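The data block below is data_24.cif; it holds mmCIF, C-alpha atoms and all ligand atoms.
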```cif
data_query
loop_
_atom_site.group_PDB
_atom_site.id
_atom_site.type_symbol
_atom_site.label_atom_id
_atom_site.label_comp_id
_atom_site.auth_asym_id
_atom_site.auth_seq_id
_atom_site.Cartn_x
_atom_site.Cartn_y
_atom_site.Cartn_z
ATOM 1 C CA MET N 152 5.346 11.552 5.512
ATOM 2 C CA ILE N 153 7.839 13.017 3.112
ATOM 3 C CA CYS N 154 8.659 16.709 3.332
ATOM 4 C CA TYR N 155 8.179 18.320 -0.060
ATOM 5 C CA CYS N 156 11.240 20.514 0.327
ATOM 6 C CA CYS N 157 13.935 18.347 1.890
ATOM 7 C CA GLN N 158 12.448 14.929 1.010
ATOM 8 C CA ARG N 159 13.056 13.630 4.534
ATOM 9 C CA ASP N 160 10.594 11.285 6.178
ATOM 10 C CA VAL N 161 9.169 13.310 9.059
ATOM 11 C CA SER N 162 6.536 12.761 11.734
ATOM 12 C CA LEU N 163 5.172 16.318 11.755
ATOM 13 C CA VAL N 164 4.233 18.393 8.749
ATOM 14 C CA ARG N 165 2.834 21.824 8.144
ATOM 15 C CA ARG N 166 0.311 22.408 5.404
ATOM 16 C CA VAL N 167 1.328 25.437 3.390
ATOM 17 C CA LEU N 168 0.885 27.167 0.076
ATOM 18 C CA LEU N 169 4.162 26.934 -1.725
ATOM 19 C CA ARG N 170 5.653 27.325 -5.153
ATOM 20 C CA GLY N 171 8.961 26.273 -6.511
ATOM 21 C CA ASP N 172 11.416 28.344 -8.442
ATOM 22 C CA PRO N 173 9.540 29.263 -11.636
ATOM 23 C CA GLY N 174 12.796 29.468 -13.521
ATOM 24 C CA GLU N 175 13.818 32.091 -15.989
ATOM 25 C CA CYS N 176 11.676 33.438 -18.744
ATOM 26 C CA PRO N 177 13.827 32.849 -21.835
ATOM 27 C CA PRO N 178 15.188 35.887 -23.682
ATOM 28 C CA GLY N 179 12.675 36.779 -26.354
ATOM 29 C CA GLY N 180 9.887 35.035 -24.455
ATOM 30 C CA PHE N 181 8.185 31.748 -25.112
ATOM 31 C CA ALA N 182 7.322 30.566 -28.616
ATOM 32 C CA SER N 183 3.578 30.302 -27.948
ATOM 33 C CA PRO N 184 1.121 29.651 -25.117
ATOM 34 C CA ALA N 185 1.236 25.996 -26.160
ATOM 35 C CA ASP N 186 4.998 25.879 -25.678
ATOM 36 C CA PRO N 187 5.689 23.116 -23.119
ATOM 37 C CA ALA N 188 8.304 25.365 -21.541
ATOM 38 C CA TYR N 189 5.650 28.021 -21.026
ATOM 39 C CA GLN N 190 3.248 25.491 -19.528
ATOM 40 C CA ALA N 191 5.983 24.364 -17.150
ATOM 41 C CA TYR N 192 6.696 27.975 -16.259
ATOM 42 C CA LEU N 193 3.035 28.601 -15.392
ATOM 43 C CA HIS N 194 2.857 25.354 -13.450
ATOM 44 C CA ASN N 195 5.908 26.218 -11.385
ATOM 45 C CA ASN N 196 4.693 29.756 -10.830
ATOM 46 C CA ALA N 197 1.419 28.749 -9.175
ATOM 47 C CA PHE N 198 1.088 28.348 -5.424
ATOM 48 C CA ARG N 199 -0.059 24.882 -4.446
ATOM 49 C CA THR N 200 -0.737 22.988 -1.268
ATOM 50 C CA ALA N 201 2.332 21.246 0.079
ATOM 51 C CA PHE N 202 3.311 19.474 3.252
ATOM 52 C CA ILE N 203 6.670 20.486 4.622
ATOM 53 C CA CYS N 204 8.552 19.719 7.822
ATOM 54 C CA PRO N 205 8.866 22.253 10.645
ATOM 55 C CA GLY N 206 12.556 22.764 9.852
ATOM 56 C CA CYS N 207 11.873 23.735 6.249
ATOM 57 C CA TYR N 208 8.945 25.880 7.344
ATOM 58 C CA HIS N 209 11.224 27.750 9.701
ATOM 59 C CA SER N 210 13.689 28.329 6.856
ATOM 60 C CA LEU N 211 11.007 29.726 4.550
ATOM 61 C CA ASP N 212 8.957 31.672 7.094
ATOM 62 C CA ASN N 213 10.724 34.996 6.622
ATOM 63 C CA GLU N 214 9.769 38.432 5.390
ATOM 64 C CA PHE N 215 9.766 37.428 1.743
ATOM 65 C CA GLY N 216 8.917 33.765 2.211
ATOM 66 C CA VAL N 217 11.815 32.650 0.107
ATOM 67 C CA GLY N 218 14.592 30.212 0.742
ATOM 68 C CA GLU N 219 16.707 27.540 -0.812
ATOM 69 C CA ILE N 220 16.533 23.960 0.424
ATOM 70 C CA GLY N 221 18.539 21.164 -1.087
ATOM 71 C CA GLY N 222 19.633 23.393 -3.961
ATOM 72 C CA ARG N 223 16.075 24.294 -4.952
ATOM 73 C CA ALA N 224 14.409 27.654 -4.410
ATOM 74 C CA PHE N 225 10.992 27.839 -2.776
ATOM 75 C CA ASN N 226 8.522 30.629 -2.140
ATOM 76 C CA LEU N 227 6.043 30.453 0.710
ATOM 77 C CA ALA N 228 2.726 32.259 0.106
ATOM 78 C CA GLY N 229 2.145 35.329 2.267
ATOM 79 C CA LYS N 230 -0.832 33.843 4.080
ATOM 80 C CA SER N 231 1.229 30.788 5.046
ATOM 81 C CA ARG N 232 3.875 32.886 6.798
ATOM 82 C CA GLY N 233 4.114 33.916 10.428
ATOM 83 C CA GLY N 234 3.349 30.479 11.816
ATOM 84 C CA ARG N 235 -0.279 30.694 10.609
ATOM 85 C CA VAL N 236 -0.448 27.218 9.167
ATOM 86 C CA PRO N 237 -1.815 23.980 10.591
ATOM 87 C CA VAL N 238 0.560 21.342 11.896
ATOM 88 C CA TYR N 239 -0.300 17.704 11.411
ATOM 89 C CA SER N 240 1.150 14.653 13.086
ATOM 90 C CA ARG N 241 1.313 11.428 11.148
ATOM 91 C CA HIS N 242 -1.672 10.172 13.156
ATOM 92 C CA GLU N 243 -3.765 13.238 12.323
ATOM 93 C CA ALA N 244 -2.719 13.095 8.709
ATOM 94 C CA ASP N 245 -3.829 9.482 8.568
ATOM 95 C CA LYS N 246 -7.185 10.409 10.079
ATOM 96 C CA LEU N 247 -7.662 13.141 7.500
ATOM 97 C CA GLY N 248 -6.846 10.702 4.763
ATOM 98 C CA MET N 249 -3.688 12.410 3.643
ATOM 99 C CA MET N 250 -1.785 9.686 1.928
ATOM 100 C CA ASP N 251 1.975 9.640 1.743
ATOM 101 C CA ASP N 252 1.959 10.323 -1.959
ATOM 102 C CA GLU N 253 -0.087 13.475 -1.393
ATOM 103 C CA ALA N 254 2.437 14.667 1.125
ATOM 104 C CA THR N 255 5.213 14.527 -1.407
ATOM 105 C CA GLY N 256 4.287 17.681 -3.129
ATOM 106 C CA PRO N 257 2.069 20.403 -4.396
ATOM 107 C CA GLN N 258 -0.218 18.747 -6.871
ATOM 108 C CA LEU N 259 -3.551 20.354 -6.194
ATOM 109 C CA PRO N 260 -4.145 23.397 -8.351
ATOM 110 C CA LEU N 261 -5.590 26.253 -6.346
ATOM 111 C CA GLY N 262 -8.373 28.445 -7.578
ATOM 112 C CA PRO N 263 -7.733 32.058 -8.482
HETATM 113 ZN ZN ZN M 301 11.812 19.545 5.170
#
```
Take the structure in the file and write it out as structure tokens.
Ligand SMILES: [Zn+2]
Amino acid sequence: MICYCCQRDVSLVRRVLLRGDPGECPPGGFASPADPAYQAYLHNNAFRTAFICPGCYHSLDNEFGVGEIGGRAFNLAGKSRGGRVPVYSRHEADKLGMMDDEATGPQLPLGP
């Protein structure tokens, strides 16, 4: 399984709610809600399910849930901090039907 943050192939993952660095809002704002840059901003600003390795989890599980891994900034959702997230072995992940490509990143939009 590939860790979403460090991209290493790992045998244990934690299932978390994570978002990447949303980037900067441009000076003067976005041109319109249909602006692809705005859509990307919203996409990056939403917490999504991700599978990350214990090492990355440890790096991000701090008071603010923020950290930088491999030159990218990540933000761990509050309810995923403090070790309160499930850990899956490769075997368990297989049983649950988590495919490798799902483990590569947050792709599932979460409800409000
Ligand atoms: Zn990792």
- [ ] For Pro237 in chain N, list every protein, DNA or RNA residue within 9 Å, evaluated using all atoms listed in the file, and leave out those in the same chain fewer than 6 positions away; present the list as an MDAnalysis selection string.
- [x] chainID N and resid 164:167
TODO: With the file shown as input, list the residues that the PyMOL selection byres (((chain N and resi 206) around 12) and not hetatm) selects, as a list in words.
DONE: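 That selection, the PyMOL selection byres (((chain N and resi 206) around 12) and not hetatm), comes back as Cys154, Tyr155, Cys156, Cys157, Gln158, Arg159, Val161, Ser162, Leu163, Val164, Arg165, Phe202, Ile203, Cys204, Pro205, Cys207, Tyr208, His209, Ser210, Leu211, Asp212, Gly218 and Ile220 of chain N.
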TODO: Find the residue from N:Pro187, N:Glu219, N:Arg170, N:Asn195 that sits nearest to ligand ZN 301 (chain M); use all atoms listed in the file when measuring.
DONE: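 With all atoms listed in the file as the atom set, the closest residue is N:Glu219.
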Task: Which of N:Ala191, N:Ala244, N:Ala185, N:Met152 sits closest to Asp172 in chain N [using only C-alpha atoms] - done: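 Answer, going by the shortest atom-to-atom distance: N:Ala191.
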- [ ] Can you work out the spacing between CA of Asn226 in chain N and CA of Ala197 in chain N in Å, to one decimal?
- [x] 10.2 Å
- [ ] Take the point (2.1, 27.0, -3.0) as written in the file and pick out every residue within 8 Å of it, counting only C-alpha atoms; give the list as an MDAnalysis selection string.
- [x] chainID N and resid 167:171 197:201 226:228 257
Could you turn the residues from that selection into a file that holds C-alpha atoms, as a PDB file, keeping the file's coordinate frame?
```pdb
ATOM      1  CA  VAL N 167       1.328  25.437   3.390  1.00  0.00           C
ATOM      2  CA  LEU N 168       0.885  27.167   0.076  1.00  0.00           C
ATOM      3  CA  LEU N 169       4.162  26.934  -1.725  1.00  0.00           C
ATOM      4  CA  ARG N 170       5.653  27.325  -5.153  1.00  0.00           C
ATOM      5  CA  GLY N 171       8.961  26.273  -6.511  1.00  0.00           C
ATOM      6  CA  ALA N 197       1.419  28.749  -9.175  1.00  0.00           C
ATOM      7  CA  PHE N 198       1.088  28.348  -5.424  1.00  0.00           C
ATOM      8  CA  ARG N 199      -0.059  24.882  -4.446  1.00  0.00           C
ATOM      9  CA  THR N 200      -0.737  22.988  -1.268  1.00  0.00           C
ATOM     10  CA  ALA N 201       2.332  21.246   0.079  1.00  0.00           C
ATOM     11  CA  ASN N 226       8.522  30.629  -2.140  1.00  0.00           C
ATOM     12  CA  LEU N 227       6.043  30.453   0.710  1.00  0.00           C
ATOM     13  CA  ALA N 228       2.726  32.259   0.106  1.00  0.00           C
ATOM     14  CA  PRO N 257       2.069  20.403  -4.396  1.00  0.00           C
TER      15      PRO N 257
END
```
TODO: Using only C-alpha atoms, find the one residue out of N:Gln190, N:Asn196, N:Ser231, N:Ser183 that sits nearest to Gly216 in chain N.
DONE: N:Ser231
Task: Separation of CA of Glu243 in chain N from CA of Asn213 in chain N in Å - done: 26.8 Å
Task: Residue nearest ligand ZN 301 (chain M) among N:Phe215, N:Cys176, N:Gly221, N:Lys246 (counting only C-alpha atoms and all ligand atoms) - done: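 Using only C-alpha atoms and all ligand atoms, ligand ZN 301 (chain M) sits closest to N:Gly221.
Straight-line separation from CA of Ile153 in chain N to CA of Gly229 in chain N: 23.0 Å.
Nearest to ligand ZN 301 (chain M) of all the residues N:Phe225, N:Leu247, N:Pro177, N:Arg232 is N:Phe225, counting all atoms listed in the file.
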Task: Nearest to ligand ZN 301 (chain M) by atom-to-atom distance, counting only C-alpha atoms and all ligand atoms, from N:Ser240, N:Lys230, N:Asp160, N:Ala224 - done: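 Smallest separation from ligand ZN 301 (chain M) among the options: N:Asp160.
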Can you pull range 163-214 of chain N out of that block with C-alpha atoms and hand it back as a short mmCIF file (atom, residue, chain, number, x, y, z; two decimals), in the first residue's frame?
```cif
data_model
loop_
_atom_site.label_atom_id
_atom_site.label_comp_id
_atom_site.auth_asym_id
_atom_site.auth_seq_id
_atom_site.Cartn_x
_atom_site.Cartn_y
_atom_site.Cartn_z
CA LEU N 163 0.64 -0.71 7.80
CA VAL N 164 -1.56 2.28 7.13
CA ARG N 165 -3.77 4.53 9.16
CA ARG N 166 -7.05 5.76 7.77
CA VAL N 167 -7.34 9.48 8.35
CA LEU N 168 -9.09 12.61 7.19
CA LEU N 169 -6.51 14.75 5.52
CA ARG N 170 -6.20 17.71 3.22
CA GLY N 171 -3.29 19.02 1.30
CA ASP N 172 -2.01 22.54 1.18
CA PRO N 173 -4.89 24.52 -0.36
CA GLY N 174 -2.45 27.01 -1.79
CA GLU N 175 -2.78 30.74 -1.81
CA CYS N 176 -5.87 32.64 -2.72
CA PRO N 177 -4.64 34.95 -5.49
CA PRO N 178 -4.56 38.70 -4.81
CA GLY N 179 -7.87 40.10 -5.95
CA GLY N 180 -9.54 36.71 -5.60
CA PHE N 181 -10.62 34.25 -8.24
CA ALA N 182 -12.19 35.34 -11.52
CA SER N 183 -15.43 33.40 -10.97
CA PRO N 184 -16.76 30.29 -9.22
CA ALA N 185 -16.17 28.47 -12.51
CA ASP N 186 -12.50 29.43 -12.49
CA PRO N 187 -10.51 26.15 -12.61
CA ALA N 188 -8.10 27.64 -10.09
CA TYR N 189 -10.99 28.20 -7.71
CA GLN N 190 -12.25 24.66 -8.22
CA ALA N 191 -8.77 23.35 -7.47
CA TYR N 192 -8.61 25.54 -4.38
CA LEU N 193 -11.91 24.12 -3.08
CA HIS N 194 -10.81 20.59 -3.92
CA ASN N 195 -7.55 20.97 -2.04
CA ASN N 196 -9.28 22.63 0.89
CA ALA N 197 -11.63 19.72 1.60
CA PHE N 198 -10.76 16.96 4.04
CA ARG N 199 -10.80 13.55 2.42
CA THR N 200 -10.10 10.00 3.44
CA ALA N 201 -6.47 9.04 3.00
CA PHE N 202 -4.25 6.16 3.99
CA ILE N 203 -0.94 7.19 5.45
CA CYS N 204 1.92 5.32 7.10
CA PRO N 205 2.49 5.40 10.86
CA GLY N 206 5.59 7.56 10.40
CA CYS N 207 3.69 10.26 8.52
CA TYR N 208 0.82 10.01 10.99
CA HIS N 209 3.24 10.62 13.83
CA SER N 210 4.58 13.69 12.02
CA LEU N 211 1.11 15.16 11.50
CA ASP N 212 -0.48 14.16 14.82
CA ASN N 213 0.32 17.38 16.66
CA GLU N 214 -1.67 20.19 18.21
#
```
